[in-house]
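Data block below; observations after.
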Amino acid sequence: MSSTSCFTTSVAFAVIVSILLVDAGALDGPPPPNEHINIWVVAHTHDDTGWLKTVDHYYIEEVQWILDTVTRALLENPERKFSYVEMAFFYRWWNELDDDMKGKVLMLIRNGQLQLNLAGWCMSDEGAANYAAVITQMTEGALFAMQQLNNRSTVGWHVDPFGHSAVTPSLWADIGFNAFSLSRIDYRDLDMRKKNKTLEFVWRGSKSLGKSRDMFTHILDSHYSTPGELGYDGGLFVQNDPNLPTFELNIVQQGQNVVGMARNRLAWYRHNHLLVPFGHDFAHQNALKSYIQMDKIIEYINSNATLNATIRYGTLDDYARAVNALDLTWDVYDGDFFPYATGAQSYWTGYYTSRPQFKGYVRSRMAVLHVAETLYCLGSQLFNFDRQSAFDSIDVLRKAHSVSQHHDALTGTEKKAVTDDYTLMLTRGSIKAESVTTDILGRFLAGGNSPVQLTLNSSVLDVAKAGQKISTVVYNSLGWERQTYVEIPVNRTDLVVVDGDGHSIPQDILAIPSSQSGHNDTRLYFLASVPPLGYNTYTIQVGGSGHVHQAEQIYYYERDNPPAIENDFYRLNFSADTGRLSNIVNKQSGKHLSMDQNLAQYLSAAQDGEQASGAYVFRPAQGNRTAIGSSSKAKTSSKDITFIKPVSLPAVVIATVHGSNYNDTFSVSVHSLENSKMSLSVFRVDQNFWSQGVSADFWAVNPHTLPSGALAGILQVGSSPHTKCKTSQLTFSKLFSRTPRLLATVLSTEKNAEAYVVSSFNVSANGAFFNVCRGDDSSWSQDVGVNWLAFEDSIAFSNEIIHGSYVVTGGSRNKTRQVAISLKMPFVQNNPCILASVSSSSRTFTVSSMQQNTWNPNEFYVTLANVDATGWQKDISIDWMVFSRWTYESPVTDKPLMLHAAVGKYVSVLRQDFRAGYAQVFRVFGGTGGGGSFPDLQYVEMEFQLGPIDKGGEVVSRFSTALDTNGVWYADDSGLEMQRRVYNVGQTERVSGNYYPMVAAAYLQDEKSLERMTVLSDRSHGCSSLMNGQLEVMLHRRCLKDDGYGVGETLDDSSQISPKLWMIYGDPDSSSYLQRRLSVMLQNPIVTAFEFPLTSTVDVAERMPSMSGLHQPLLPSLHLLSLRAVDPSKNDTILRMEHLFEIEENSKLSQPVNVSMSKLFATGLTASNPIEMSLTANIPKSVAQTEQLKWKTTDDAENNEIIWKKMSEFAGDGEMVTINPREIRTFIVNGRA
């Protein structure tokens, strides 16, 4: 994805230009003008695996031509090089080649002409992608590259994701990369890094893993596209043939331009190396053309000694090795690069949530894939079935899921038709993978005999007849035993569940009206205890007497006691006045947390001339400004304004024109004010039309709502049939303690007429005089008035309103004058509203506001003009007010909620109906006395039933708690490590600039009591904390306009979604334990399969009612992250184990743990004699560590080594493996148990 509107370069292409020193030394600063430089040109293409076109369309129409023509170009000249990223495309192209061409491609890879950059299945997203899915897609690409191309990538090229996670460099280091190149960071950060020469650094993304996962990082200084000086894949050509008289020779100038560009960019670096890309989106479709042009410029520069430069083709790996050879010492960075912004109004924080239905589907497919892979690995060692066919079936989903991690797929920033195509691929893959799941589960259940026929479709329960018994298999793909409630939608209530011994188990059937259809939503719940990496069998008997609990409708106004639901761990209290959650009690600790949980909705920005909210950018609509535009034929322009929120009448409107040209001055009049609309007339004082786009800032205020110390009203002035000016006196309704500040705007009944100008004079505590003049020097016959607002200088309207006065000294000979007004306190809100009026005893002035000083947010400009003379001698005063443009956001409803509650013996459900398309459901499991001490039940489930939401709506779940957080909250990076987030008052967009990704979890923690409220998610969201003790999670978005960043399609998402959040409340230790465990459970729900009907010829006595693939459950701090086959013809299996906790996260669980590999598996597999591999399992870890470049850092290496054993080290004789906090270790295990 590339968006040319973000960048100043006029040509969109790519080269990596690296400047090498001729001598062995390196300068800590830019090279002198006469320093010899070496330029390495690295050609690349950025091939989105879906965006504006589907994956297939991109391949057929563009990608295959790139790979075809690049290959031919490389074969023609051994000096040429090329870098490629996306293995999803390369894999398809490779399989279409004949053996002869495959041999040539392998030769190009061996001799270094064709380099695999990243070599992932795609270039994945970093803001919405889960780390496990990233590892999967990177592994898919890496295994293909090693198995088919006998090659691996040594660099991470991640130049298009919209911001960067701190988890990424840690993963890249674990893969064995030497360097990481990225592009998209906040525009202000980029400018600062250029100035400070910190575009390169060592990124330490994990505080737990420390220096062992350091990654040298290079930020591209000017996007990943080619600078204009090297645009040979576009319209630029090199002409060096004097025999072409009609085509002027240009090679001399172009050579100078290229070298000059390189030298200029070196000012941003500490050394003589520079990266400038040569390529762009789907570049080099006619590679011979671009390479021939580049060949010419290379030959010219190398043969011209006066340029003092050498240029050649190279790769990112070449650059990294050259920089590494300088043996410089690098600063360490330990943060991330969120949020990403390309301008003051353009924060790319919308894609964290965009297309939530698709985000949820992608996340759920990750669990489907994990289940199929684990069962395949267990079953393939025990049962005789077509392993190749089963592997291929799973691989369909693996490849579809991998491509969906692309940064214009999972993000929801692609066209809707492309989303549909991704969904189709995932659905096809799911069907195939689930067929493997049911087949192997059926084989286990049959005890090795003919497999029992199973289905994942719970609708078999609805067609079952009385007396039938349906064997139900519950599978757990995790490494712990799980006690969890199985939830099955049903259309009947005559169901009873028993365990494998025929004993009754905790169960409920709850019926609650659906918010979508109005019919009952009936669900069967039963408690299942499932062994690690195994299953248990239960029987659902049809025709029994189930424990049915029908929902009771709760009217808030009929209840003396507030409604509540509870289990053994939590009690939820709901307000009798609003119906909203008001309190949560931790029954084990006895502590309670007051809160108000509500659904609120931002209105998407869609105003002309401003940044719209769209698929990429989240930006709420802001009021108090309307675009007037230009007026090319008249000196007056009128604008009708419809208020986004109705104005409370009676209202007074104060307005000021907001211009962009310092020398132009305007006046504005208000007319036709109603509660939902008004009109403004803007008039240019010097009576000329204007070409600049102007706008008007305004504030519509009800005088009755003003605080003490402020008054507002309308003074009737009347007509002036004989003169152009008229003076009127205002007497305040109450006496001010001292002379107030006074703002005024003319109120006129005449639309499209010349605007009026008003100035005040003789302002006192009692009142003031207004001088009203017509702008065209003529008299007027209609009645006019003056809207006025007076306030004491000490008044505080709100935290976001600043006001003051400024004295402009007399003696001006000019009619207009511009002044800069400084604020006493910083005001960083982007483009605030500025209202101003003039007080003068002798003249009538108008004042136009200007924007904030770009470089000094504490300063803004105003331009004032004398409308009845040239110049002025006496001092005049400007009263002004600056305030944030108010964000349009409101609760989904301001009415009390309708509640429906179904309270079972073990499960309780309460649904809140806000209005059509907006509902949410609370669930607690375990009842009172039915939950025991099971940690798996210690959460509150919230399911949101949303859609279609309002057009222009951006819906959030807002938790306003009593926690004292001081503007701090925590959200995860890529679902792995938690990042401390702090509300940033310096963001130019107060709301969207403080949004961060929440892939799996976020929490608030009281700074004193350390009480913590955590929410876990089943898909990625954006989240923020805009007020103390408040957390909001964005759930759904439906925008009004495209945001202009390339997709060219409005995010008009009318989907109906049901995202889930799990809420936890407790102390840090218990909360961190539950967060880590429950988050993995939420991402990996249990699988329920049904036998129907129970007519198998297999003797039930011969069945295997339960199974566990592990000898014993993993310790609570360990997670079985991956178990997947490498090759169906071999027994090789990838085993990944992950330590869930960071250092110091949990007092007991943030410790190293030992795993006995030989005693790990109980069924089918053995992990004896494992081979430790890189994260992507394509090379032994010992090889990766040996070959990996080492980088010196400014901090003391000894002090930054983590205290645990080195990651490559086995304890004892290799049978016992130590896994340290936050570590992921990857092994190849082989053979039968």
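To be explicit about the labels: the chains of the structure tokens are called A, B, and onward in the order shown, and within each one the residues are counted from 1, while ligands get numbers from 1 in the order they are shown.
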
Quick one: DSSP strand (DSSP E) residues in segment 292-438 of chain A, as a ChimeraX atom specification?
-> /A:309-313,329-330,332-333,341-343,346-347

Could you please take those selected residues and save N, CA, C and O atoms as a PDB file, in the first residue's frame?
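Below is the file that was written, again09.pdb:
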```
ATOM      1  N   ALA A 309      32.380   9.596  -6.461  1.00  0.00           N
ATOM      2  CA  ALA A 309      31.419   8.621  -5.962  1.00  0.00           C
ATOM      3  C   ALA A 309      31.525   7.333  -6.761  1.00  0.00           C
ATOM      4  O   ALA A 309      31.908   7.334  -7.933  1.00  0.00           O
ATOM      5  N   THR A 310      31.194   6.236  -6.095  1.00  0.00           N
ATOM      6  CA  THR A 310      31.079   4.933  -6.749  1.00  0.00           C
ATOM      7  C   THR A 310      29.672   4.418  -6.488  1.00  0.00           C
ATOM      8  O   THR A 310      29.187   4.483  -5.360  1.00  0.00           O
ATOM      9  N   ILE A 311      29.030   3.884  -7.519  1.00  0.00           N
ATOM     10  CA  ILE A 311      27.659   3.407  -7.384  1.00  0.00           C
ATOM     11  C   ILE A 311      27.573   1.990  -7.922  1.00  0.00           C
ATOM     12  O   ILE A 311      28.215   1.638  -8.912  1.00  0.00           O
ATOM     13  N   ARG A 312      26.807   1.149  -7.247  1.00  0.00           N
ATOM     14  CA  ARG A 312      26.642  -0.241  -7.670  1.00  0.00           C
ATOM     15  C   ARG A 312      25.317  -0.770  -7.135  1.00  0.00           C
ATOM     16  O   ARG A 312      24.703  -0.180  -6.253  1.00  0.00           O
ATOM     17  N   TYR A 313      24.868  -1.906  -7.672  1.00  0.00           N
ATOM     18  CA  TYR A 313      23.684  -2.584  -7.142  1.00  0.00           C
ATOM     19  C   TYR A 313      24.059  -3.311  -5.849  1.00  0.00           C
ATOM     20  O   TYR A 313      25.182  -3.805  -5.703  1.00  0.00           O
ATOM     21  N   THR A 329      29.095   2.435  17.933  1.00  0.00           N
ATOM     22  CA  THR A 329      28.300   2.154  19.122  1.00  0.00           C
ATOM     23  C   THR A 329      26.954   2.847  18.974  1.00  0.00           C
ATOM     24  O   THR A 329      26.890   4.039  18.654  1.00  0.00           O
ATOM     25  N   TRP A 330      25.888   2.102  19.227  1.00  0.00           N
ATOM     26  CA  TRP A 330      24.541   2.575  18.899  1.00  0.00           C
ATOM     27  C   TRP A 330      23.698   2.825  20.140  1.00  0.00           C
ATOM     28  O   TRP A 330      23.813   2.114  21.141  1.00  0.00           O
ATOM     29  N   VAL A 332      20.215   2.714  22.251  1.00  0.00           N
ATOM     30  CA  VAL A 332      19.209   1.661  22.412  1.00  0.00           C
ATOM     31  C   VAL A 332      17.842   2.302  22.545  1.00  0.00           C
ATOM     32  O   VAL A 332      17.658   3.265  23.306  1.00  0.00           O
ATOM     33  N   TYR A 333      16.876   1.793  21.788  1.00  0.00           N
ATOM     34  CA  TYR A 333      15.483   2.245  21.885  1.00  0.00           C
ATOM     35  C   TYR A 333      14.649   1.086  22.390  1.00  0.00           C
ATOM     36  O   TYR A 333      14.782  -0.049  21.899  1.00  0.00           O
ATOM     37  N   ALA A 341       1.238   8.805  12.615  1.00  0.00           N
ATOM     38  CA  ALA A 341       0.524   9.976  12.101  1.00  0.00           C
ATOM     39  C   ALA A 341       1.273  10.537  10.918  1.00  0.00           C
ATOM     40  O   ALA A 341       2.504  10.561  10.894  1.00  0.00           O
ATOM     41  N   THR A 342       0.528  10.991   9.916  1.00  0.00           N
ATOM     42  CA  THR A 342       1.130  11.624   8.746  1.00  0.00           C
ATOM     43  C   THR A 342       0.832  13.107   8.685  1.00  0.00           C
ATOM     44  O   THR A 342       1.244  13.779   7.744  1.00  0.00           O
ATOM     45  N   GLY A 343       0.105  13.612   9.653  1.00  0.00           N
ATOM     46  CA  GLY A 343      -0.210  15.027   9.707  1.00  0.00           C
ATOM     47  C   GLY A 343      -0.924  15.333  11.001  1.00  0.00           C
ATOM     48  O   GLY A 343      -1.288  14.437  11.779  1.00  0.00           O
ATOM     49  N   SER A 346      -4.157  13.607  11.067  1.00  0.00           N
ATOM     50  CA  SER A 346      -4.168  12.283  10.433  1.00  0.00           C
ATOM     51  C   SER A 346      -3.446  11.250  11.278  1.00  0.00           C
ATOM     52  O   SER A 346      -2.285  10.902  11.019  1.00  0.00           O
ATOM     53  N   TYR A 347      -4.141  10.751  12.293  1.00  0.00           N
ATOM     54  CA  TYR A 347      -3.621   9.663  13.113  1.00  0.00           C
ATOM     55  C   TYR A 347      -4.218   8.350  12.614  1.00  0.00           C
ATOM     56  O   TYR A 347      -5.440   8.183  12.595  1.00  0.00           O
TER      57      TYR A 347
END
```

I'd like a table as a Markdown table: residues in segment 609-645 of chain A with an atom no more than 6 Å from segment 881-885 of chain A, each row giving the shortest atom pair and its distance in Å to one decimal, only C-alpha atoms counted, sorted by chain and rising residue number.
```
| residue | atom | partner | partner_atom | distance |
| --- | --- | --- | --- | --- |
| A:Gln622 | CA | A:Arg885 | CA | 5.5 |
| A:Gly623 | CA | A:Arg885 | CA | 5.6 |
| A:Asn624 | CA | A:Arg885 | CA | 5.9 |
```

Can you list, as number ranges by chain, all residues belonging to segment 63-150 of chain A that DSSP tags as helix (DSSP H, G or I)?
-> A: 63-76, 87-96, 99-110, 131-149

Residues within 10 Å of Gly279 of chain A, only C-alpha atoms, excluding chain neighbours under 2 positions, as a PyMOL selection string = chain A and resi 12-16+42-46+82-83+224-227+230-234+276-277+281-284+290

For the selection you just gave me, I'd like the residues written to a file as a compact mmCIF listing (two decimals), in the first residue's frame, keeping N, CA and C atoms.
```
# COMPACT_ATOMS: atom_id res chain seq x y z
N ALA A 12 6.87 7.76 -7.37
CA ALA A 12 6.76 6.69 -6.39
C ALA A 12 7.57 5.49 -6.84
N PHE A 13 8.77 5.37 -6.37
CA PHE A 13 9.66 4.25 -6.73
C PHE A 13 10.56 3.85 -5.56
N ALA A 14 11.63 2.94 -5.80
CA ALA A 14 12.48 2.49 -4.71
C ALA A 14 13.93 2.16 -5.05
N VAL A 15 15.02 2.53 -4.24
CA VAL A 15 16.45 2.17 -4.36
C VAL A 15 17.02 2.20 -2.98
N ILE A 16 17.84 1.31 -2.73
CA ILE A 16 18.53 1.54 -1.48
C ILE A 16 19.90 2.05 -1.86
N VAL A 42 19.59 -0.75 -4.34
CA VAL A 42 18.85 -1.98 -4.03
C VAL A 42 17.46 -1.87 -4.63
N ALA A 43 17.22 -2.60 -5.69
CA ALA A 43 15.91 -2.58 -6.35
C ALA A 43 14.95 -3.50 -5.60
N HIS A 44 13.70 -3.09 -5.50
CA HIS A 44 12.69 -3.91 -4.82
C HIS A 44 11.32 -3.60 -5.40
N THR A 45 10.36 -4.39 -5.05
CA THR A 45 8.96 -4.11 -5.35
C THR A 45 8.16 -4.39 -4.10
N HIS A 46 7.16 -3.59 -3.87
CA HIS A 46 6.28 -3.83 -2.72
C HIS A 46 4.96 -4.37 -3.26
N PHE A 82 18.30 -7.74 -6.98
CA PHE A 82 16.89 -7.46 -6.71
C PHE A 82 16.51 -8.12 -5.40
N SER A 83 15.57 -7.49 -4.68
CA SER A 83 15.10 -8.02 -3.39
C SER A 83 13.60 -8.26 -3.45
N TYR A 224 9.39 4.29 1.28
CA TYR A 224 10.05 3.19 0.58
C TYR A 224 10.05 3.37 -0.93
N SER A 225 9.56 4.48 -1.42
CA SER A 225 9.51 4.73 -2.86
C SER A 225 10.74 5.49 -3.33
N THR A 226 11.06 5.31 -4.61
CA THR A 226 12.24 5.92 -5.20
C THR A 226 12.18 7.44 -5.15
N PRO A 227 13.28 8.08 -4.80
CA PRO A 227 13.32 9.55 -4.93
C PRO A 227 13.27 9.93 -6.40
N LEU A 230 16.00 9.22 -9.08
CA LEU A 230 16.28 7.86 -9.57
C LEU A 230 15.02 7.20 -10.12
N GLY A 231 14.09 7.98 -10.64
CA GLY A 231 12.80 7.45 -11.04
C GLY A 231 12.80 6.73 -12.38
N TYR A 232 13.65 5.72 -12.51
CA TYR A 232 13.80 5.03 -13.80
C TYR A 232 12.78 3.92 -14.01
N ASP A 233 11.93 3.71 -13.04
CA ASP A 233 10.82 2.78 -13.25
C ASP A 233 9.54 3.55 -13.58
N GLY A 234 9.71 4.83 -13.86
CA GLY A 234 8.57 5.66 -14.22
C GLY A 234 8.85 6.43 -15.48
N VAL A 276 18.29 4.64 0.32
CA VAL A 276 17.21 5.28 -0.43
C VAL A 276 16.66 4.22 -1.37
N PRO A 277 15.42 3.86 -1.28
CA PRO A 277 14.91 2.72 -2.05
C PRO A 277 14.72 3.00 -3.54
N ASP A 281 5.16 0.30 -5.09
CA ASP A 281 4.11 -0.72 -5.18
C ASP A 281 4.10 -1.32 -6.59
N PHE A 282 4.29 -2.63 -6.66
CA PHE A 282 4.23 -3.38 -7.92
C PHE A 282 5.15 -2.76 -8.97
N ALA A 283 6.36 -2.47 -8.55
CA ALA A 283 7.34 -1.83 -9.42
C ALA A 283 8.04 -2.86 -10.30
N HIS A 284 8.66 -2.36 -11.36
CA HIS A 284 9.51 -3.14 -12.26
C HIS A 284 8.72 -4.18 -13.05
N SER A 290 13.84 -0.27 -16.54
CA SER A 290 14.37 0.42 -15.37
C SER A 290 15.83 0.06 -15.12
```

List as CSV every residue of segment 375-424 of chain A that is in contact with segment 1157-1162 of chain A, defined as an atom at most 12 Å from one of its atoms (using only C-alpha atoms), together with the nearest atom pair and the distance in Å rounded to one decimal, sorted by chain and then rising number.
```
residue,atom,partner,partner_atom,distance
A:Cys377,CA,A:Phe1161,CA,11.2
A:Leu378,CA,A:Phe1161,CA,9.3
A:Gln381,CA,A:Ala1162,CA,11.9
A:Leu382,CA,A:Ala1162,CA,11.9
```

Skipping near chain neighbours, those fewer than 3 positions away, what residues fall within 9 Å of Trp788 of chain A using only C-alpha atoms, listed as a PDB file with N, CA and C atoms, in the first residue's frame?
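Listing of part.pdb after writing:
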```pdb
ATOM      1  N   VAL A 652     -26.809  32.571  21.654  1.00  0.00           N
ATOM      2  CA  VAL A 652     -26.029  33.691  21.144  1.00  0.00           C
ATOM      3  C   VAL A 652     -24.839  33.095  20.397  1.00  0.00           C
ATOM      4  N   VAL A 653     -24.599  33.548  19.180  1.00  0.00           N
ATOM      5  CA  VAL A 653     -23.506  33.020  18.376  1.00  0.00           C
ATOM      6  C   VAL A 653     -22.425  34.086  18.224  1.00  0.00           C
ATOM      7  N   ILE A 654     -21.218  33.747  18.626  1.00  0.00           N
ATOM      8  CA  ILE A 654     -20.055  34.598  18.412  1.00  0.00           C
ATOM      9  C   ILE A 654     -19.213  33.926  17.323  1.00  0.00           C
ATOM     10  N   LEU A 711     -21.876  36.727  31.032  1.00  0.00           N
ATOM     11  CA  LEU A 711     -23.201  37.102  30.544  1.00  0.00           C
ATOM     12  C   LEU A 711     -23.184  37.072  29.025  1.00  0.00           C
ATOM     13  N   ALA A 712     -24.333  36.838  28.421  1.00  0.00           N
ATOM     14  CA  ALA A 712     -24.446  36.872  26.968  1.00  0.00           C
ATOM     15  C   ALA A 712     -25.844  37.335  26.605  1.00  0.00           C
ATOM     16  N   GLY A 713     -25.970  37.915  25.421  1.00  0.00           N
ATOM     17  CA  GLY A 713     -27.286  38.358  24.981  1.00  0.00           C
ATOM     18  C   GLY A 713     -27.233  38.949  23.587  1.00  0.00           C
ATOM     19  N   ILE A 714     -28.353  39.545  23.187  1.00  0.00           N
ATOM     20  CA  ILE A 714     -28.469  40.182  21.876  1.00  0.00           C
ATOM     21  C   ILE A 714     -28.923  41.621  22.094  1.00  0.00           C
ATOM     22  N   LEU A 715     -28.153  42.563  21.594  1.00  0.00           N
ATOM     23  CA  LEU A 715     -28.513  43.983  21.651  1.00  0.00           C
ATOM     24  C   LEU A 715     -29.146  44.384  20.317  1.00  0.00           C
ATOM     25  N   LEU A 742     -14.997  41.305  26.215  1.00  0.00           N
ATOM     26  CA  LEU A 742     -16.244  41.391  25.457  1.00  0.00           C
ATOM     27  C   LEU A 742     -16.010  40.931  24.023  1.00  0.00           C
ATOM     28  N   LEU A 743     -16.775  39.947  23.619  1.00  0.00           N
ATOM     29  CA  LEU A 743     -16.767  39.454  22.242  1.00  0.00           C
ATOM     30  C   LEU A 743     -18.111  39.780  21.607  1.00  0.00           C
ATOM     31  N   ALA A 744     -18.093  40.124  20.314  1.00  0.00           N
ATOM     32  CA  ALA A 744     -19.339  40.541  19.671  1.00  0.00           C
ATOM     33  C   ALA A 744     -19.340  40.146  18.200  1.00  0.00           C
ATOM     34  N   THR A 745     -20.550  39.848  17.684  1.00  0.00           N
ATOM     35  CA  THR A 745     -20.775  39.526  16.272  1.00  0.00           C
ATOM     36  C   THR A 745     -22.120  40.107  15.873  1.00  0.00           C
ATOM     37  N   VAL A 746     -22.187  40.661  14.676  1.00  0.00           N
ATOM     38  CA  VAL A 746     -23.434  41.261  14.209  1.00  0.00           C
ATOM     39  C   VAL A 746     -24.446  40.175  13.865  1.00  0.00           C
TER      40      VAL A 746
END
```

Atomic separation - atom CA of Gln1185 of chain A relative to atom CA of Ile185 of chain A, Å |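 Value for the atom CA of Ile185 of chain A-atom CA of Gln1185 of chain A distance: 29.2 Å.
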
Write out as a Markdown table a residue-level contact list of segment 604-720 of chain A versus segment 798-806 of chain A with cut-off 12 Å: for each qualifying residue the closest pair of atoms and the distance in Å to one decimal, counting only C-alpha atoms, rows sorted by chain and residue number upward.
```
| residue | atom | partner | partner_atom | distance |
| --- | --- | --- | --- | --- |
| A:Trp699 | CA | A:Ile801 | CA | 11.7 |
| A:Leu706 | CA | A:Ser798 | CA | 11.0 |
| A:Pro707 | CA | A:Ser798 | CA | 9.9 |
```

Pick from A:Glu248, A:Glu140, A:Asp1043, A:Asp596, whichever lies nearest to Gly579 of chain A using only C-alpha atoms | A:Asp596

Residues within 7 Å of Asn675 of chain A, please, as a PDB file with C-alpha atoms, in the first residue's frame. Count only C-alpha atoms; anything in the same chain fewer than 3 positions from it doesn't count.
```pdb
ATOM      1  CA  PRO A 646     -29.004  20.886  18.064  1.00  0.00           C
ATOM      2  CA  VAL A 647     -28.315  24.128  19.892  1.00  0.00           C
ATOM      3  CA  SER A 648     -30.222  24.890  23.043  1.00  0.00           C
ATOM      4  CA  LEU A 649     -32.258  28.050  22.499  1.00  0.00           C
TER       5      LEU A 649
END
```

Near segment 424-440 of chain A, within 9 Å and counting only C-alpha atoms, which residues show up once chain neighbours fewer than 5 positions away are dropped, as a PyMOL selection string?
-> chain A and resi 361-362+365+368-369+371-373+375-376+378-380+383+390-401+404+419+445+451-456+1089

Best match for closeness to Arg1077 of chain A among A:Leu1016, A:Leu910, A:Val490, A:Val758, counting only C-alpha atoms =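 Answer, going by the shortest atom-to-atom distance: A:Leu1016.
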
Please provide as a list of chain:residue names all residues within 9 Å of Ile297 of chain A, with the sequence filter that same-chain residues fewer than 3 positions apart are discarded (counting only C-alpha atoms).
->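 Here the qualifying residues turn out to be A:Val238, A:Ile251, A:Gln254, A:Gly255, A:Val258, A:Ile292, A:Gln293, A:Met294, A:Tyr300, A:Ile301, A:Asn302, A:Ile311.
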
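Using only C-alpha atoms, the nearest neighbour of Pro1128 of chain A within the list A:Asn966, A:Thr1088, A:Asn1146, A:Gln388 is A:Gln388.
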
State, in Å with one decimal place, the distance from atom CA of Val460 of chain A to atom CA of Gln1083 of chain A.
-> 25.7 Å
